[in-house]
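**Q** Sharing input00.cif, mmCIF, C-alpha atoms:
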```cif
data_upload
loop_
_atom_site.group_PDB
_atom_site.id
_atom_site.type_symbol
_atom_site.label_atom_id
_atom_site.label_comp_id
_atom_site.auth_asym_id
_atom_site.auth_seq_id
_atom_site.Cartn_x
_atom_site.Cartn_y
_atom_site.Cartn_z
ATOM 1 C CA MET I 1 -242.919 -107.559 146.886
ATOM 2 C CA ALA I 2 -245.427 -108.587 144.233
ATOM 3 C CA CYS I 3 -245.209 -106.912 140.840
ATOM 4 C CA TYR I 4 -247.977 -104.727 139.520
ATOM 5 C CA GLN I 5 -250.546 -106.501 137.363
ATOM 6 C CA GLN I 6 -252.951 -103.755 136.225
ATOM 7 C CA LEU I 7 -251.506 -100.418 135.086
ATOM 8 C CA LEU I 8 -253.714 -97.458 134.252
ATOM 9 C CA VAL I 9 -251.817 -94.810 132.307
ATOM 10 C CA ALA I 10 -253.523 -91.414 132.118
ATOM 11 C CA VAL I 11 -252.356 -89.345 129.160
ATOM 12 C CA ASP I 12 -253.264 -85.871 127.939
ATOM 13 C CA LEU I 13 -252.295 -86.599 124.299
ATOM 14 C CA SER I 14 -249.544 -83.977 124.362
ATOM 15 C CA GLU I 15 -246.092 -84.724 122.916
ATOM 16 C CA ASP I 16 -245.046 -86.042 126.326
ATOM 17 C CA SER I 17 -247.779 -88.701 126.261
ATOM 18 C CA ARG I 18 -245.802 -90.874 123.874
ATOM 19 C CA ALA I 19 -242.813 -91.037 126.226
ATOM 20 C CA ILE I 20 -245.031 -91.764 129.225
ATOM 21 C CA ALA I 21 -246.917 -94.482 127.339
ATOM 22 C CA ALA I 22 -243.700 -96.037 126.009
ATOM 23 C CA LYS I 23 -242.044 -96.154 129.437
ATOM 24 C CA SER I 24 -245.228 -97.558 130.967
ATOM 25 C CA ALA I 25 -245.518 -100.198 128.251
ATOM 26 C CA GLU I 26 -241.954 -101.278 128.926
ATOM 27 C CA LEU I 27 -242.712 -101.572 132.662
ATOM 28 C CA ALA I 28 -245.833 -103.593 131.878
ATOM 29 C CA ARG I 29 -243.805 -105.937 129.651
ATOM 30 C CA LEU I 30 -241.154 -106.409 132.345
ATOM 31 C CA TRP I 31 -243.787 -107.158 134.995
ATOM 32 C CA GLY I 32 -246.104 -109.161 132.748
ATOM 33 C CA ALA I 33 -248.855 -106.664 133.552
ATOM 34 C CA ARG I 34 -251.838 -105.407 131.611
ATOM 35 C CA LEU I 35 -251.672 -101.766 130.595
ATOM 36 C CA ARG I 36 -254.632 -99.520 129.814
ATOM 37 C CA LEU I 37 -254.374 -96.041 128.316
ATOM 38 C CA LEU I 38 -256.893 -93.448 129.457
ATOM 39 C CA HIS I 39 -257.535 -89.969 128.120
ATOM 40 C CA VAL I 40 -260.138 -87.817 129.848
ATOM 41 C CA ILE I 41 -261.842 -84.902 128.135
ATOM 42 C CA GLU I 42 -263.039 -82.330 130.607
ATOM 43 C CA PHE I 43 -265.811 -80.166 129.226
ATOM 44 C CA VAL I 44 -265.652 -76.510 130.076
ATOM 45 C CA PRO I 45 -269.121 -75.034 130.655
ATOM 46 C CA VAL I 46 -270.367 -72.677 127.967
ATOM 47 C CA GLU I 47 -271.887 -69.308 128.747
ATOM 48 C CA PRO I 48 -275.642 -69.868 128.961
ATOM 49 C CA MET I 49 -276.468 -66.753 126.927
ATOM 50 C CA SER I 50 -273.928 -67.453 124.186
ATOM 51 C CA ASP I 51 -274.944 -67.857 120.541
ATOM 52 C CA ALA I 52 -272.383 -70.652 120.315
ATOM 53 C CA LEU I 53 -274.467 -72.948 122.541
ATOM 54 C CA VAL I 54 -276.051 -74.860 119.642
ATOM 55 C CA PRO I 55 -272.894 -76.194 117.891
ATOM 56 C CA VAL I 56 -271.276 -77.327 121.157
ATOM 57 C CA VAL I 57 -272.618 -80.882 120.750
ATOM 58 C CA GLN I 58 -270.979 -81.197 117.320
ATOM 59 C CA ILE I 59 -267.702 -79.808 118.585
ATOM 60 C CA ASP I 60 -267.751 -82.218 121.522
ATOM 61 C CA ASP I 61 -268.437 -85.213 119.264
ATOM 62 C CA GLN I 62 -265.597 -84.134 116.991
ATOM 63 C CA LEU I 63 -263.275 -83.693 119.965
ATOM 64 C CA ILE I 64 -264.133 -87.140 121.285
ATOM 65 C CA ALA I 65 -263.621 -88.731 117.858
ATOM 66 C CA ARG I 66 -260.284 -86.947 117.385
ATOM 67 C CA SER I 67 -259.154 -87.985 120.870
ATOM 68 C CA ARG I 68 -260.086 -91.617 120.203
ATOM 69 C CA SER I 69 -258.107 -91.528 116.972
ATOM 70 C CA GLN I 70 -255.055 -89.988 118.643
ATOM 71 C CA LEU I 71 -255.225 -92.437 121.548
ATOM 72 C CA ALA I 72 -255.523 -95.395 119.167
ATOM 73 C CA ALA I 73 -252.449 -94.171 117.254
ATOM 74 C CA LEU I 74 -250.554 -93.831 120.532
ATOM 75 C CA ALA I 75 -251.586 -97.352 121.525
ATOM 76 C CA VAL I 76 -250.339 -98.776 118.226
ATOM 77 C CA ALA I 77 -247.041 -96.913 118.659
ATOM 78 C CA VAL I 78 -246.420 -98.636 121.998
ATOM 79 C CA GLY I 79 -247.749 -102.047 120.973
ATOM 80 C CA LEU I 80 -251.233 -101.983 122.495
ATOM 81 C CA GLY I 81 -254.579 -102.867 120.982
ATOM 82 C CA ALA I 82 -257.797 -100.857 120.782
ATOM 83 C CA GLU I 83 -259.260 -102.775 123.718
ATOM 84 C CA ASP I 84 -256.568 -101.246 125.930
ATOM 85 C CA CYS I 85 -257.639 -97.649 125.204
ATOM 86 C CA GLN I 86 -260.418 -95.542 126.599
ATOM 87 C CA VAL I 87 -261.515 -91.957 126.109
ATOM 88 C CA ALA I 88 -263.754 -90.756 128.910
ATOM 89 C CA THR I 89 -265.491 -87.475 129.619
ATOM 90 C CA GLY I 90 -265.928 -85.731 132.937
ATOM 91 C CA ASN I 91 -263.750 -84.338 135.673
ATOM 92 C CA VAL I 92 -260.207 -85.488 134.902
ATOM 93 C CA LYS I 93 -259.204 -86.172 138.493
ATOM 94 C CA ALA I 94 -262.397 -88.006 139.428
ATOM 95 C CA GLU I 95 -262.464 -90.002 136.191
ATOM 96 C CA ILE I 96 -258.892 -91.258 136.617
ATOM 97 C CA LEU I 97 -259.749 -92.465 140.122
ATOM 98 C CA ARG I 98 -263.049 -93.996 138.934
ATOM 99 C CA GLN I 99 -261.364 -95.844 136.054
ATOM 100 C CA ALA I 100 -258.626 -97.108 138.373
ATOM 101 C CA ARG I 101 -261.255 -98.593 140.682
ATOM 102 C CA ALA I 102 -263.316 -100.010 137.807
ATOM 103 C CA HIS I 103 -260.317 -101.792 136.260
ATOM 104 C CA LYS I 104 -258.784 -102.768 139.614
ATOM 105 C CA ALA I 105 -255.573 -100.936 138.780
ATOM 106 C CA ASP I 106 -252.746 -101.482 141.223
ATOM 107 C CA LEU I 107 -250.645 -98.697 139.679
ATOM 108 C CA ILE I 108 -251.711 -95.406 138.128
ATOM 109 C CA VAL I 109 -249.114 -93.739 135.905
ATOM 110 C CA LEU I 110 -249.331 -90.095 134.888
ATOM 111 C CA GLY I 111 -247.077 -87.269 133.840
ATOM 112 C CA CYS I 112 -246.150 -84.329 136.008
ATOM 113 C CA ARG I 113 -244.400 -81.044 135.427
ATOM 114 C CA GLU I 114 -242.124 -79.179 137.766
ATOM 115 C CA ARG I 115 -243.904 -76.287 139.458
ATOM 116 C CA HIS I 116 -242.519 -73.004 140.724
ATOM 117 C CA GLY I 117 -243.857 -69.928 142.472
ATOM 118 C CA LEU I 118 -247.599 -69.680 142.991
ATOM 119 C CA SER I 119 -248.286 -72.750 140.871
ATOM 120 C CA ILE I 120 -247.134 -74.822 143.860
ATOM 121 C CA LEU I 121 -250.355 -73.801 145.614
ATOM 122 C CA VAL I 122 -252.598 -75.101 142.827
ATOM 123 C CA ASN I 123 -254.111 -78.543 143.349
ATOM 124 C CA LEU I 124 -253.107 -80.285 140.144
ATOM 125 C CA THR I 125 -254.285 -83.622 138.825
ATOM 126 C CA GLU I 126 -251.289 -85.578 140.079
ATOM 127 C CA ASP I 127 -251.824 -84.261 143.636
ATOM 128 C CA THR I 128 -255.495 -85.225 143.697
ATOM 129 C CA VAL I 129 -254.866 -88.640 142.161
ATOM 130 C CA LEU I 130 -252.008 -89.346 144.574
ATOM 131 C CA HIS I 131 -254.109 -88.552 147.628
ATOM 132 C CA GLY I 132 -257.343 -90.099 146.352
ATOM 133 C CA ALA I 133 -256.084 -93.353 144.862
ATOM 134 C CA ALA I 134 -256.449 -96.670 146.628
ATOM 135 C CA CYS I 135 -253.378 -97.941 144.757
ATOM 136 C CA ASP I 136 -249.853 -96.755 144.071
ATOM 137 C CA VAL I 137 -249.260 -93.755 141.800
ATOM 138 C CA LEU I 138 -246.203 -93.210 139.627
ATOM 139 C CA ALA I 139 -245.684 -89.655 138.420
ATOM 140 C CA MET I 140 -243.271 -89.472 135.489
ATOM 141 C CA ARG I 141 -241.498 -86.186 134.976
ATOM 142 C CA VAL I 142 -242.228 -84.647 131.582
ATOM 143 C CA SER I 143 -240.383 -81.954 129.715
ATOM 144 C CA LYS I 144 -240.353 -78.457 131.170
ATOM 145 C CA GLU I 145 -240.680 -76.700 127.850
ATOM 146 C CA PRO I 146 -243.044 -77.374 124.971
ATOM 147 C CA ARG I 147 -241.442 -79.240 122.105
ATOM 148 C CA ALA I 148 -241.187 -77.703 118.683
#
```
Is it possible to express this structure as structure tokens?

**A**
Amino acid sequence: MACYQQLLVAVDLSEDSRAIAAKSAELARLWGARLRLLHVIEFVPVEPMSDALVPVVQIDDQLIARSRSQLAALAVAVGLGAEDCQVATGNVKAEILRQARAHKADLIVLGCRERHGLSILVNLTEDTVLHGAACDVLAMRVSKEPRA
């Protein structure tokens, strides 16, 4: 079996992202693979009649800038350069799949949480990516409870 050569690691910039990125970086080092970090910002539509419609562009630019900064810091922490990071906007599920195709990823890595009750019926990102990807998908279990 050939080792993976192009890893795309989708992170949400939560506390768990560091562990996912670190484990993925170690796998990439062991396999001699290239690793790319991806964070996708999904915009939530604003009410059309809201007074807050005007400052949304500024908030979005600030959010993108903050995300880029956080992703760059995460990359440095796991030994990656700025060229291995990307912040994208759009539908999270579709953007992960699009980026995987664009960069010819042969493995997508993302975090997943244990689900119980009705949440099992919800189509989460990892489910959509798993079924829509043309490559392998590795879902790393993340903590069940938020960290302090």

**Q** To one decimal in Å, tell me the separation between CA of Val129 in chain I and CA of Gln70 in chain I.

**A**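 If I compute the distance from CA of Val129 in chain I to CA of Gln70 in chain I, I get 23.6 Å.
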
**Q** Choose the residue, out of I:Ala139, I:Gly111, I:Gln5, I:Ala22, that has the smallest atom-to-atom separation from Ala77 in chain I; count only C-alpha atoms.

**A** I:Ala22

**Q** How far is it from CA of Asp60 in chain I to CA of Val78 in chain I, in Å with one decimal?

**A** 26.9 Å

**Q** Could you pull the residues within 12 Å of Ala75 in chain I, counting all atoms listed in the file, minus those fewer than 4 positions along the same chain, as a ChimeraX atom specification?

**A** /I:9,11,13,17-22,24-25,35-39,68-71,79-86

**Q** Which distance in Å separates CA of Ala100 in chain I and CA of Leu130 in chain I, to one decimal?

**A**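 Going from CA of Ala100 in chain I over to CA of Leu130 in chain I, I get 11.9 Å.
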
**Q** Pick from I:Ile41, I:Ala73, I:Cys3, I:Met140: nearest to Arg29 in chain I, with all atoms listed in the file counted?

**A**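 Answer, going by the shortest atom-to-atom distance: I:Cys3.
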
**Q** Using the chain letters and numbering of this document, enumerate as a VMD selection string the residues selected by the PyMOL selection byres ((chain I and resi 135) around 9).

**A** chain I and resid 100 to 101 104 to 108 130 132 to 134 136 to 137
